[in-house]
Structure formats: structure tokens, C-alpha cells
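What follows is a short report on a single structure.
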There are 2 protein chains.
Amino acid sequence: MSKLLILGTVAFDAIQTPFGSTDKILGGAATYIGLSAAYFNVPSGIVSVVGGDFPAAYLQMLQDKNIDVSGIEVVKEGKTFFWSGKYHNDMNSRDTLVTELNVLENFSPRVPMDFQDSEIVLLGNLHPLVQNAVLEQMTQVPKLVVLDTMNFWMDIALGDLKEVLKKVDVITINDEEARQLSGAYSLVVAAKIIHEMGPKYVVIKKGEHGALLFHNGQVFFAPALPLEEVFDPTGAGDTFAGGFAGYLAKTEDITFENMKNAVIHGSNLASFCVEKFGTERMVALTDKEISQRLLQFKELTQYEMSISN
Amino acid sequence: MSKLLILGTVAFDAIQTPFGSTDKILGGAATYIGLSAAYFNVPSGIVSVVGGDFPAAYLQMLQDKNIDVSGIEVVKEGKTFFWSGKYHNDMNSRDTLVTELNVLENFSPRVPMDFQDSEIVLLGNLHPLVQNAVLEQMTQVPKLVVLDTMNFWMDIALGDLKEVLKKVDVITINDEEARQLSGAYSLVVAAKIIHEMGPKYVVIKKGEHGALLFHNGQVFFAPALPLEEVFDPTGAGDTFAGGFAGYLAKTEDITFENMKNAVIHGSNLASFCVEKFGTERMVALTDKEISQRLLQFKELTQYEMSISN
């Protein structure tokens with residue numbers, strides 16, 4: 001069992017979808033990552049920052065999931081990061097309505113002593129300099145560094161992003177971001193180019209079209225489960241990354257073969273995330289639901305075929 | 001080994017892609033379907049129509065692949081159907097530049113005596129009344145009727161399409177067409193609605209994002225092979241359908257389990273089709289190339305995971 005360190009936002013979200021809308025609810029990349037990884041019962045800790053307005057009950061809920069929150073700085077006089085977005089009818093695109101950085105504006109991450117020797121580090125979507133600052137506090141080189149990022153940082157901090165990518169083993173980005181980062185349209189070519197920037201493993205998330213794992217000329221594909229209804233896609237990518245890293249932390253096996261399973265576990269957990277608003281579904285998930293849906297994933301893609309050469 | 005009857009266009013195409021352009025080359029749905037199915041060495045015949053301008057060498061090439069062409073009517077004084085299109089840079093969308101129906105305008109399909117008892121009938125994309133006219137010439141009810149269609153017929157002949165769908169076992173359409181035909185955005189819901197129109201099996205083609213097979217609450221997903229370069233997508237959907245039907249004709253097993261393999265074979269053959277202009281790649285394919293790529297498909301999606309309940 002490896003120790004998992006998670007960097008990312010812990011935030012308030014207000015979400016509008018064709019199915020309804022929410023007031024300020026619990027959100028943030030690290031929240032989704034932590035809740036997802038928690039289902040593997042690995043020792044994990046979050047590095048983040050919130051304001052004095054952040055309910056103690058939310059921190060308690062994370063602790064109840066065995067997530068260490070001592071790395072979540074509480075700035076009493078500050079306000080918690082707030083994001084509001086509205087999804088279009090197809091649920092594949094969204095408009096950001098509000099982004100209030102608040103306490104994130106001057107965030108300087110501090111890794112708790114207990115987690116400075118974490119074997120696995122998941123750097124959630126934040127400024128690449130903040131991601132790098134976490135790596136610099138590690139007292140030993142992690143076995144695996146996973147980084148998630150987005151187009152915004154490619155627009156405004158590409159140099160910083162490329163610097164931190166040199167220290168990264170696995171990058172998880174979506175298809176449009178892979179194209180932007182590489183300058184190539186073909187995802188196969190994009191993965192090769194990104195590979196040369198540092199990450200030995202490139203995971204390209206395609207939302208409802210599944211996810212591709214590239215490594216050393218090999219490729220594995222995990223589908224998204226076809227769902228009757230996607231209620232709220234918020235956090236699905238982070239949930240995917242949390243499941244991916246949580247499974248690897250549990251199994252302590254970072255071979256390509258085992259990463260295939262990690263990608264399936266990530267897709268599996270993400271399929272739950274989108275069924276309700278925000279973190280609602282992830283908080284209440286049972287082990288039985290998880291294993292039953294893993295069987296559905298198997299049925300979806302596994303087949304018996306003897307191939308004659 | 002079942003007999004396979006193929007209805008569809010045999011045509012001239014002129015294609016523009018970011019990689020180059022062609023003069024009038026061999027094209028048409030039935031051509032792609034026939035070439036693809038031919039790799040399963042099943043007895044097949046095409047019902048179509050061409051003009052006096054259609055080279056005998058093309059008909060000979062089809063015959064050399066053991067495809068019966070006696071159902072291809074040659075209208076000496078007429079001109080062959082011609083389509084010209086231009087693909088955009090992303091290769092996922094295209095503009096039609098020219099459509100000259102020519103001999104197709106008054107096409108009345110005639111099924112050769114030898115093929116009126118075919119066990120499998122593949123109705124390629126044509127007017128639903130023409131598709132129905134073929135079914136009415138069958139002397140016994142086929143074991144399996146597969147129908148391909150497109151949004152154009154939903155726009156101008158929806159009633160006729162719904163009539164013929166009542167006699168169809170498998171429909172193959174793309175995601176946008178499935179949404180148009182069903183009125184539902186979720187493909188899971190769309191498949192259910194289309195299922196009620198007649199087809200027991202619904203195959204939804206998502207191009208580079210793979211294909212879904214729905215049956216009776218079950219679902220199977222076949223990915224498209226991630227390629228460095230898509231050279232020309234023309235005919236990929238027809239090649240998929242031809243491989244699907246050809247495999248079922250060869251194995252004579254129309255269970256859901258075996259249709260999973262049929263979908264994989266269809267995807268496999270389609271992955272070759274897009275590598276060169278028009279039918280070029282499909283004409284020259286070897287059995288060895290086909291089986292090697294089937295192994296690639298296995299590596300792409302198959303994994304070992306024990307799931308505890």
C-alpha cells in the first residue's frame with residue numbers, strides 16, 4: 001500500500017445543467033480526487049487551501065473517508081475558491097459563469113511532514129508553479145508522479161508547465177488539450193510528442209468517448225460506460241484521475257499491464273460521478289456498486305476470439 | 001457458409017482531403033461492402049446499377065474477388081452515379097461538392113435468381129423504397145437483414161424508412177443519425193427507441209470513437225484503432241458493415257456473443273480502408289495483415305482483472 005499525496009483545489013461550485021441547478025456546493029479537483037481514491041483504502045492526504053467560510057463539516061467528511069486534511073490550509077480571513085458553470089444541452093461543453101480565485105490567489109502549498117515521502121503524488125489541475133512547489137518539498141523522489149492540467153495553463157504558463165512536465169511520469173489531459181500541447185491533431189502523434197516532454201505515460205481523456213493510455217508505442221483504450229443520462233459531468237476527469245492513482249497506490253504495481261486496470265477503475269468511478277450533482281454520488285458509493293459496475297465494463301469490451309495467423 | 005446479398009451503389013467518387021485529391025475513382029457503398037465481405041470467402045452478389053461509362057475492368061476486379069456481379073445492371077446509354085466531396089482538416093466532417101444521380105434516378109433493383117434465397121441481406125444506403133424492393137424479391141425470409149441508411153432519407157422519406165425498418169434485424173447508423181431517427185440525445189435511449197421500430201440489433205457508428213452494439217438491454221463497444229494518420233475516411237462505414245455481415249455469413253452464428261466478434265472484424269477492416277484513397281487499400285489487403293491487426297485490437301481493449309463481489 002503506497003501513500004498518496006493529492007494537490008488540488010477544494011472549492012465551492014455552483015452548477016447549472018439542463019436538469020437543474022445548485023447553490024454553492026462542495027467541489028474542487030482535490031475533493032473529487034480524494035473521494036475517488038478513498039475507495040481503495042489507501043493512506044492519502046490533500047494539500048490545498050480554503051477560506052474561513054469553508055464548513056468544518058466538509059473537512060470532517062473528508063477525514064471520515066480517511067483522507068488527511070492537515071495539508072489543507074484554512075485562511076480565516078479569506079474566502080474559498082468559487083467556480084460557477086453552465087452546461088449546454090449536449091453536456092459536452094460548458095460556459096464558465098464565475099471564477100473567484102479568492103484564497104487561491106496567493107496559495108503557497110505546504111506538504112505535511114507525514115506526506116513528504118509519499119510514493120505516489122497526484123498533482124491536480126493548478127498553476128504549474130504550484131504543482132512544482134509540491135514536488136520540491138518531497139524528501140525522496142516519488143515512485144510515480146501524475147499530473148493533470150488544462151488548456152488555461154498552456155495559454156498563460158506554457159514554459160512553467162513544460163518545466164514541471166520533465167518531472168512527471170503520467171500526464172492526464174483531454175483530447176483538445178493534448179492537441180494544443182503537442183500541436184498535432186492525431187492523438188497517436190500527440191501522445192508521442194508529449195512523451196518527449198517528460199511523461200512516460202500519456203492518458204488522453206475523451207469524456208463520453210473513453211480514455212486512451214499511451215506508453216512506449218503501446219496503447220490501451222478504456223471506454224466510458226454508455227449511460228442513459230449524464231446528470232452533471234463536473235469532476236468526472238478528477239474522479240478518473242483519483243481512481244487511477246488510488247488503484248496504483250493500492251496495488252503498488254506501476255507496469256503498463258496494471259495501468260490498464262487503473263484506467264478501467266478510473267473510468268468506472270467516473271461513471272458514477274456524473275450521475276448526480278457535484279460529489280453527491282461519490283460520497284455515498286458502496287463497494288458492491290463499484291464491483292458490479294466493473295463487471296459491466298468487462299461485458300462492454302471483453303470478447304473471445306481466436307485469431308489464426 | 002451463408003449466401004450474402006448486397007444492395008448498394010457502385011459509383012465514381014472524386015475525393016479531396018488535406019493530403020491530396022483524386023479524379024473519378026471507383027467508389028460506392030456496395031463496392032466497399034463487397035470488397036470487405038470478400039475477405040471472408042463467402043458467396044456474395046451485388047445488386048446495383050451503373051452506366052455505359054463504367055469500366056469493365058472494375059466489374060472484372062469484383063468478379064476476381066468472387067463477387068457475383070450479375071445483379072449489377074448496366075444501362076448502356078446512361079451515366080454512372082457520381083459523388084464528389086471535400087474533407088475538412090479534422091477529417092470528421094465533409095462537404096458534398098457534386099451529386100449526380102444519373103442511372104440511380106430510375107433504378108429498379110433486380111435480385112438474380114441465385115441470390116433470391118440468400119440467408120443474409122445487407123441493404124446498403126439507398127432510398128428505403130429501393131431497399132424494400134429487394135426484400136420483396138426474396139423467395140424465403142432471410143435469416144438476417146442488415147440495413148444501413150443516412151440522415152438524407154430521414155429528411156425526405158422517413159415514412160418509407162420506418163416501413164422497411166419493420167423487416168430489419170440489424171440497423172447500422174452513425175451517432176448523429178441515431179439521434180435524428182430517435183429524437184433522443186443519449187445513445188442508450190436512442191438505441192431503445194430504434195429497437196422498437198423493428199431492428200433487434202442497433203449498431204451505432206461513432207467514426208474515430210468506435211462503434212456500439214445494442215441488443216435487448218445489452219451493449220458491446222468496439223473501439224476504432226487509434227491511427228497516426230487518417231488518409232481518406234470515404235467508405236469506412238460501408239467497409240465496417242461489409243466486414244460485420246461477411247463475418248456473420250462465414251460463421252453462420254447470429255447470437256449476440258458472435259456479433260461482438262462481427263463488430264470487431266468490421267472495425268478492423270475499416271481501419272485499413274481509411275489508410276489510402278478510395279478502395280485502394282481494400283483491394284490489395286492480405287489475410288496476414290488482417291489477422292495481425294486483429295491482434296492489435298485485442299491488445300487495445302483486453303485486460304485481466306479479477307473482480308471481487
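The chains in the C-alpha cells are called A, B, ... from first to last as shown; in each chain the residues are counted from 1, and the ligands are counted from 1 in the order shown.
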Extract the full set of helix (DSSP H, G or I) residues from stretch 81-223 of chain B according to DSSP on the backbone, and format it as number ranges by chain. B: 102-106, 113-115, 128-135, 151-156, 158-165, 175-182, 187-195, 207-209
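Excluding B:Asn174 itself and any same-chain residue fewer than 5 positions from it, the protein and nucleic acid residues within 12 Å of it, counting only C-alpha atoms, are Asp148, Thr149, Met150, Asn151, Arg179, Gln180, Leu181, Leu187, Ala190, Ala191, Val202, Val203, Ile204, Lys205, Lys206, Gly207, Glu208, His209, Gly210, Ala211, Leu212, Leu213, Ala236, Gly237, Asp238, Phe240 and Ala241 of chain B.
Every protein or nucleic acid residue with an atom no more than 6 Å from A:Val49, counting only C-alpha atoms and leaving out same-chain residues fewer than 2 positions away, appears here: Ile72, Glu73 and Val74 of chain A.
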Report as CSV: every residue of chain A with an atom at most 7 Å from chain B, its closest pair of atoms, and their distance in Å to one decimal, counting only C-alpha atoms, with rows sorted by chain and ascending residue number.
```
residue,atom,partner,partner_atom,distance
A:Ser186,CA,B:Glu228,CA,5.8
A:Val188,CA,B:Glu228,CA,5.3
A:Val189,CA,B:Glu228,CA,5.8
A:His209,CA,B:His209,CA,6.1
A:Val219,CA,B:Leu300,CA,6.0
A:Phe220,CA,B:Leu300,CA,4.5
A:Phe221,CA,B:Thr301,CA,5.5
A:Ala222,CA,B:Thr301,CA,6.7
A:Pro226,CA,B:Val188,CA,6.4
A:Leu227,CA,B:Val188,CA,6.3
A:Glu228,CA,B:Val188,CA,5.3
A:Glu229,CA,B:Ser186,CA,6.6
A:Lys260,CA,B:Tyr303,CA,6.8
A:Asn261,CA,B:Met305,CA,6.9
A:Lys288,CA,B:Asn309,CA,6.3
A:Ser291,CA,B:Asn309,CA,5.9
A:Glu299,CA,B:Phe220,CA,6.9
A:Leu300,CA,B:Phe220,CA,4.5
A:Thr301,CA,B:Phe221,CA,5.5
A:Gln302,CA,B:Gln302,CA,6.0
A:Tyr303,CA,B:Lys260,CA,6.8
A:Met305,CA,B:Asn261,CA,6.8
A:Ile307,CA,B:Ser291,CA,6.3
A:Ser308,CA,B:Ser291,CA,6.6
A:Asn309,CA,B:Ser291,CA,5.9
```
What would the file look like if the residues just selected were written as a PDB file, in the first residue's frame with N, CA and C atoms?
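selection_4.pdb was written with the following content:
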```pdb
ATOM      1  N   SER A 186      -3.683  14.272 -34.711  1.00  0.00           N
ATOM      2  CA  SER A 186      -3.785  12.843 -34.392  1.00  0.00           C
ATOM      3  C   SER A 186      -3.362  12.609 -32.945  1.00  0.00           C
ATOM      4  N   VAL A 188      -2.465   9.868 -31.597  1.00  0.00           N
ATOM      5  CA  VAL A 188      -1.296   8.976 -31.572  1.00  0.00           C
ATOM      6  C   VAL A 188      -0.020   9.808 -31.699  1.00  0.00           C
ATOM      7  N   VAL A 189      -0.037  10.755 -32.623  1.00  0.00           N
ATOM      8  CA  VAL A 189       1.126  11.631 -32.806  1.00  0.00           C
ATOM      9  C   VAL A 189       1.274  12.552 -31.599  1.00  0.00           C
ATOM     10  N   HIS A 209     -16.386   9.503 -24.800  1.00  0.00           N
ATOM     11  CA  HIS A 209     -15.756   8.584 -25.752  1.00  0.00           C
ATOM     12  C   HIS A 209     -14.622   7.776 -25.131  1.00  0.00           C
ATOM     13  N   VAL A 219      -0.665   1.054 -26.791  1.00  0.00           N
ATOM     14  CA  VAL A 219      -1.857   1.856 -26.477  1.00  0.00           C
ATOM     15  C   VAL A 219      -2.959   0.959 -25.924  1.00  0.00           C
ATOM     16  N   PHE A 220      -3.642   1.476 -24.909  1.00  0.00           N
ATOM     17  CA  PHE A 220      -4.789   0.789 -24.334  1.00  0.00           C
ATOM     18  C   PHE A 220      -5.957   1.759 -24.287  1.00  0.00           C
ATOM     19  N   PHE A 221      -7.142   1.216 -24.526  1.00  0.00           N
ATOM     20  CA  PHE A 221      -8.328   2.063 -24.581  1.00  0.00           C
ATOM     21  C   PHE A 221      -9.372   1.590 -23.580  1.00  0.00           C
ATOM     22  N   ALA A 222      -9.856   2.499 -22.750  1.00  0.00           N
ATOM     23  CA  ALA A 222     -10.972   2.192 -21.842  1.00  0.00           C
ATOM     24  C   ALA A 222     -12.168   3.020 -22.258  1.00  0.00           C
ATOM     25  N   PRO A 226     -21.658   3.611 -21.548  1.00  0.00           N
ATOM     26  CA  PRO A 226     -22.787   4.347 -22.152  1.00  0.00           C
ATOM     27  C   PRO A 226     -23.908   4.487 -21.125  1.00  0.00           C
ATOM     28  N   LEU A 227     -24.305   5.707 -20.834  1.00  0.00           N
ATOM     29  CA  LEU A 227     -25.293   5.971 -19.786  1.00  0.00           C
ATOM     30  C   LEU A 227     -26.568   6.532 -20.398  1.00  0.00           C
ATOM     31  N   GLU A 228     -27.692   6.193 -19.770  1.00  0.00           N
ATOM     32  CA  GLU A 228     -28.967   6.754 -20.240  1.00  0.00           C
ATOM     33  C   GLU A 228     -28.968   8.269 -20.046  1.00  0.00           C
ATOM     34  N   GLU A 229     -28.324   8.687 -18.983  1.00  0.00           N
ATOM     35  CA  GLU A 229     -28.415  10.095 -18.640  1.00  0.00           C
ATOM     36  C   GLU A 229     -27.134  10.547 -17.946  1.00  0.00           C
ATOM     37  N   LYS A 260      -3.438  -0.544 -17.210  1.00  0.00           N
ATOM     38  CA  LYS A 260      -4.688  -0.795 -17.931  1.00  0.00           C
ATOM     39  C   LYS A 260      -5.835  -0.909 -16.925  1.00  0.00           C
ATOM     40  N   ASN A 261      -5.608  -1.706 -15.874  1.00  0.00           N
ATOM     41  CA  ASN A 261      -6.635  -1.864 -14.853  1.00  0.00           C
ATOM     42  C   ASN A 261      -6.922  -0.544 -14.139  1.00  0.00           C
ATOM     43  N   LYS A 288     -20.009  -2.588  -3.269  1.00  0.00           N
ATOM     44  CA  LYS A 288     -20.786  -3.503  -4.091  1.00  0.00           C
ATOM     45  C   LYS A 288     -21.162  -2.841  -5.428  1.00  0.00           C
ATOM     46  N   SER A 291     -18.039  -2.830  -7.634  1.00  0.00           N
ATOM     47  CA  SER A 291     -17.640  -4.095  -8.264  1.00  0.00           C
ATOM     48  C   SER A 291     -18.672  -4.552  -9.289  1.00  0.00           C
ATOM     49  N   GLU A 299     -18.122  -6.689 -19.578  1.00  0.00           N
ATOM     50  CA  GLU A 299     -19.065  -7.119 -20.612  1.00  0.00           C
ATOM     51  C   GLU A 299     -19.055  -6.177 -21.803  1.00  0.00           C
ATOM     52  N   LEU A 300     -18.793  -4.911 -21.509  1.00  0.00           N
ATOM     53  CA  LEU A 300     -18.830  -3.902 -22.572  1.00  0.00           C
ATOM     54  C   LEU A 300     -17.725  -4.090 -23.607  1.00  0.00           C
ATOM     55  N   THR A 301     -16.553  -4.573 -23.185  1.00  0.00           N
ATOM     56  CA  THR A 301     -15.426  -4.598 -24.129  1.00  0.00           C
ATOM     57  C   THR A 301     -14.756  -5.953 -24.298  1.00  0.00           C
ATOM     58  N   GLN A 302     -15.026  -6.905 -23.410  1.00  0.00           N
ATOM     59  CA  GLN A 302     -14.272  -8.148 -23.496  1.00  0.00           C
ATOM     60  C   GLN A 302     -14.956  -9.126 -24.448  1.00  0.00           C
ATOM     61  N   TYR A 303     -14.166  -9.802 -25.272  1.00  0.00           N
ATOM     62  CA  TYR A 303     -14.718 -10.766 -26.224  1.00  0.00           C
ATOM     63  C   TYR A 303     -13.755 -11.925 -26.377  1.00  0.00           C
ATOM     64  N   MET A 305     -12.025 -14.335 -29.047  1.00  0.00           N
ATOM     65  CA  MET A 305     -11.770 -14.517 -30.471  1.00  0.00           C
ATOM     66  C   MET A 305     -10.426 -15.204 -30.639  1.00  0.00           C
ATOM     67  N   ILE A 307      -7.521 -15.956 -33.128  1.00  0.00           N
ATOM     68  CA  ILE A 307      -7.024 -15.330 -34.359  1.00  0.00           C
ATOM     69  C   ILE A 307      -5.963 -16.228 -34.979  1.00  0.00           C
ATOM     70  N   SER A 308      -6.206 -16.647 -36.198  1.00  0.00           N
ATOM     71  CA  SER A 308      -5.237 -17.511 -36.883  1.00  0.00           C
ATOM     72  C   SER A 308      -4.264 -16.653 -37.684  1.00  0.00           C
ATOM     73  N   ASN A 309      -3.019 -16.966 -37.562  1.00  0.00           N
ATOM     74  CA  ASN A 309      -2.009 -16.160 -38.268  1.00  0.00           C
ATOM     75  C   ASN A 309      -1.660 -16.733 -39.637  1.00  0.00           C
TER      76      ASN A 309
END
```
Shell around A:Ile15 at 10 Å using only C-alpha atoms, local window under 2 positions removed, as a PyMOL selection string: chain A and resi 12-13+17+20-25+83-87+96-97+232-234+277-278
Could the residues in this selection be written to a file with C-alpha atoms, as a PDB file, in the first residue's frame?
```pdb
ATOM      1  CA  PHE A  12     -17.361  25.796  -3.862  1.00  0.00           C
ATOM      2  CA  ASP A  13     -19.124  25.107  -7.148  1.00  0.00           C
ATOM      3  CA  THR A  17     -27.347  21.760 -16.153  1.00  0.00           C
ATOM      4  CA  GLY A  20     -31.450  21.771 -12.643  1.00  0.00           C
ATOM      5  CA  SER A  21     -29.040  23.982 -10.757  1.00  0.00           C
ATOM      6  CA  THR A  22     -27.266  24.080  -7.416  1.00  0.00           C
ATOM      7  CA  ASP A  23     -26.308  26.729  -4.913  1.00  0.00           C
ATOM      8  CA  LYS A  24     -22.713  26.715  -3.687  1.00  0.00           C
ATOM      9  CA  ILE A  25     -21.875  23.044  -3.117  1.00  0.00           C
ATOM     10  CA  TRP A  83     -16.440  28.395  -9.641  1.00  0.00           C
ATOM     11  CA  SER A  84     -19.763  28.547 -11.388  1.00  0.00           C
ATOM     12  CA  GLY A  85     -20.562  26.994 -14.749  1.00  0.00           C
ATOM     13  CA  LYS A  86     -23.427  26.198 -17.051  1.00  0.00           C
ATOM     14  CA  TYR A  87     -23.555  23.065 -19.199  1.00  0.00           C
ATOM     15  CA  THR A  96     -17.778  29.365 -17.045  1.00  0.00           C
ATOM     16  CA  LEU A  97     -20.028  31.964 -15.435  1.00  0.00           C
ATOM     17  CA  ASP A 232     -23.616  16.557 -14.129  1.00  0.00           C
ATOM     18  CA  PRO A 233     -20.151  15.984 -15.660  1.00  0.00           C
ATOM     19  CA  THR A 234     -18.398  18.206 -13.092  1.00  0.00           C
ATOM     20  CA  PHE A 277     -24.852  16.811  -8.821  1.00  0.00           C
ATOM     21  CA  GLY A 278     -21.351  17.509  -7.572  1.00  0.00           C
TER      22      GLY A 278
END
```
Within 9 Å of A:Gly243 using only C-alpha atoms, minus same-chain residues under 2 positions, as a CSV table (one decimal) with C-alpha atoms, in the first residue's frame:
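Final output, saved to selection-v3.csv:
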```
chain,number,residue,atom,x,y,z
A,33,ILE,CA,-9.6,13.0,-6.5
A,34,GLY,CA,-9.6,12.3,-2.7
A,35,LEU,CA,-13.1,10.9,-2.6
A,36,SER,CA,-12.4,8.6,-5.6
A,37,ALA,CA,-9.1,7.3,-4.3
A,38,ALA,CA,-10.6,6.8,-0.9
A,39,TYR,CA,-12.4,3.7,-2.2
A,40,PHE,CA,-9.1,1.9,-2.4
A,238,ASP,CA,-10.7,14.4,-11.4
A,239,THR,CA,-12.6,11.3,-10.3
A,240,PHE,CA,-11.0,9.4,-13.1
A,241,ALA,CA,-7.5,10.5,-12.0
A,245,ALA,CA,-3.9,6.8,-8.8
A,246,GLY,CA,-5.8,5.2,-5.9
A,247,TYR,CA,-5.7,1.8,-7.7
A,248,LEU,CA,-2.0,2.1,-8.4
A,262,ALA,CA,-6.0,1.5,-13.3
A,263,VAL,CA,-7.6,3.2,-16.3
A,264,ILE,CA,-10.6,0.9,-16.1
A,265,HIS,CA,-11.0,1.7,-12.4
A,266,GLY,CA,-10.8,5.4,-13.1
A,267,SER,CA,-13.4,5.2,-15.8
A,268,ASN,CA,-15.6,3.1,-13.6
A,269,LEU,CA,-15.6,5.6,-10.7
A,270,ALA,CA,-16.1,8.5,-13.2
```
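Shortest separation to B:Glu177 among B:Met154, B:Glu196, B:Gly235, B:Gly242 occurs at residue B:Met154, atoms counted being only C-alpha atoms.
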Give the strand (DSSP E) residues of stretch 60-270 of chain B, as DSSP finds them on the backbone, and put them as a ChimeraX atom specification. /B:67-68,72-75,82-87,94-100,120-123,144-148,170-174,201-205,211-215,218-222
Mind dumping the selected residues with C-alpha atoms as an mmCIF file, in the first residue's frame?
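Output file again.cif is given in full below:
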```
data_model
loop_
_atom_site.group_PDB
_atom_site.id
_atom_site.type_symbol
_atom_site.label_atom_id
_atom_site.label_comp_id
_atom_site.auth_asym_id
_atom_site.auth_seq_id
_atom_site.Cartn_x
_atom_site.Cartn_y
_atom_site.Cartn_z
ATOM 1 C CA ILE B 67 -18.324 -11.303 -56.012
ATOM 2 C CA ASP B 68 -21.247 -12.097 -58.307
ATOM 3 C CA ILE B 72 -25.344 -5.068 -61.444
ATOM 4 C CA GLU B 73 -27.461 -3.674 -64.259
ATOM 5 C CA VAL B 74 -25.515 -1.824 -66.963
ATOM 6 C CA VAL B 75 -27.523 0.983 -68.568
ATOM 7 C CA PHE B 82 -21.043 10.291 -59.322
ATOM 8 C CA TRP B 83 -20.248 11.807 -55.940
ATOM 9 C CA SER B 84 -17.601 14.344 -55.090
ATOM 10 C CA GLY B 85 -16.707 15.517 -51.624
ATOM 11 C CA LYS B 86 -14.151 17.512 -49.714
ATOM 12 C CA TYR B 87 -12.993 16.622 -46.194
ATOM 13 C CA ARG B 94 -17.020 16.819 -45.156
ATOM 14 C CA ASP B 95 -18.842 18.913 -47.740
ATOM 15 C CA THR B 96 -20.542 17.289 -50.707
ATOM 16 C CA LEU B 97 -19.421 19.151 -53.822
ATOM 17 C CA VAL B 98 -21.302 17.205 -56.513
ATOM 18 C CA THR B 99 -24.016 14.540 -56.519
ATOM 19 C CA GLU B 100 -25.054 13.310 -59.977
ATOM 20 C CA ILE B 120 -28.068 -12.690 -45.168
ATOM 21 C CA VAL B 121 -29.115 -9.474 -46.928
ATOM 22 C CA LEU B 122 -27.209 -6.236 -46.485
ATOM 23 C CA LEU B 123 -29.230 -3.253 -47.645
ATOM 24 C CA LEU B 144 -30.613 -11.749 -41.101
ATOM 25 C CA VAL B 145 -31.384 -8.418 -42.755
ATOM 26 C CA VAL B 146 -28.875 -5.630 -42.119
ATOM 27 C CA LEU B 147 -29.743 -2.080 -43.149
ATOM 28 C CA ASP B 148 -27.541 0.974 -43.465
ATOM 29 C CA VAL B 170 -29.739 -5.009 -37.648
ATOM 30 C CA ILE B 171 -29.505 -1.285 -38.394
ATOM 31 C CA THR B 172 -26.135 0.442 -38.718
ATOM 32 C CA ILE B 173 -26.149 4.228 -38.465
ATOM 33 C CA ASN B 174 -23.877 6.889 -37.073
ATOM 34 C CA TYR B 201 -29.771 -5.094 -33.013
ATOM 35 C CA VAL B 202 -28.718 -1.454 -33.242
ATOM 36 C CA VAL B 203 -25.155 -0.641 -34.282
ATOM 37 C CA ILE B 204 -24.170 2.984 -33.751
ATOM 38 C CA LYS B 205 -21.002 4.005 -35.590
ATOM 39 C CA ALA B 211 -18.953 1.578 -32.555
ATOM 40 C CA LEU B 212 -21.628 0.423 -30.100
ATOM 41 C CA LEU B 213 -23.762 -2.698 -30.499
ATOM 42 C CA PHE B 214 -27.056 -2.672 -28.584
ATOM 43 C CA HIS B 215 -29.333 -5.682 -28.100
ATOM 44 C CA GLN B 218 -27.018 -5.434 -23.505
ATOM 45 C CA VAL B 219 -24.262 -3.310 -25.004
ATOM 46 C CA PHE B 220 -20.880 -4.023 -26.556
ATOM 47 C CA PHE B 221 -18.299 -1.478 -27.605
ATOM 48 C CA ALA B 222 -15.612 -1.831 -30.281
#
```
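With atom CA of B:Leu158 on one side and atom CA of B:Pro199 on the other, the separation reads 15.5 Å.
Take atom CA of A:Phe115 and atom CA of A:Gln137: the distance between them is 9.6 Å.
Going from atom CA of B:Thr279 to atom CA of B:Asn66 covers 16.4 Å.
Each of B:Leu4, B:Leu135, B:Met113, B:Leu165 was compared to B:Asn41 using only C-alpha atoms, and B:Leu4 turns out to be the nearest.
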For A:Gly8: contacts at 6 Å, only C-alpha atoms, fewer than 6 positions along chain excluded, given as a PyMOL selection string: chain A and resi 29-30+48+124
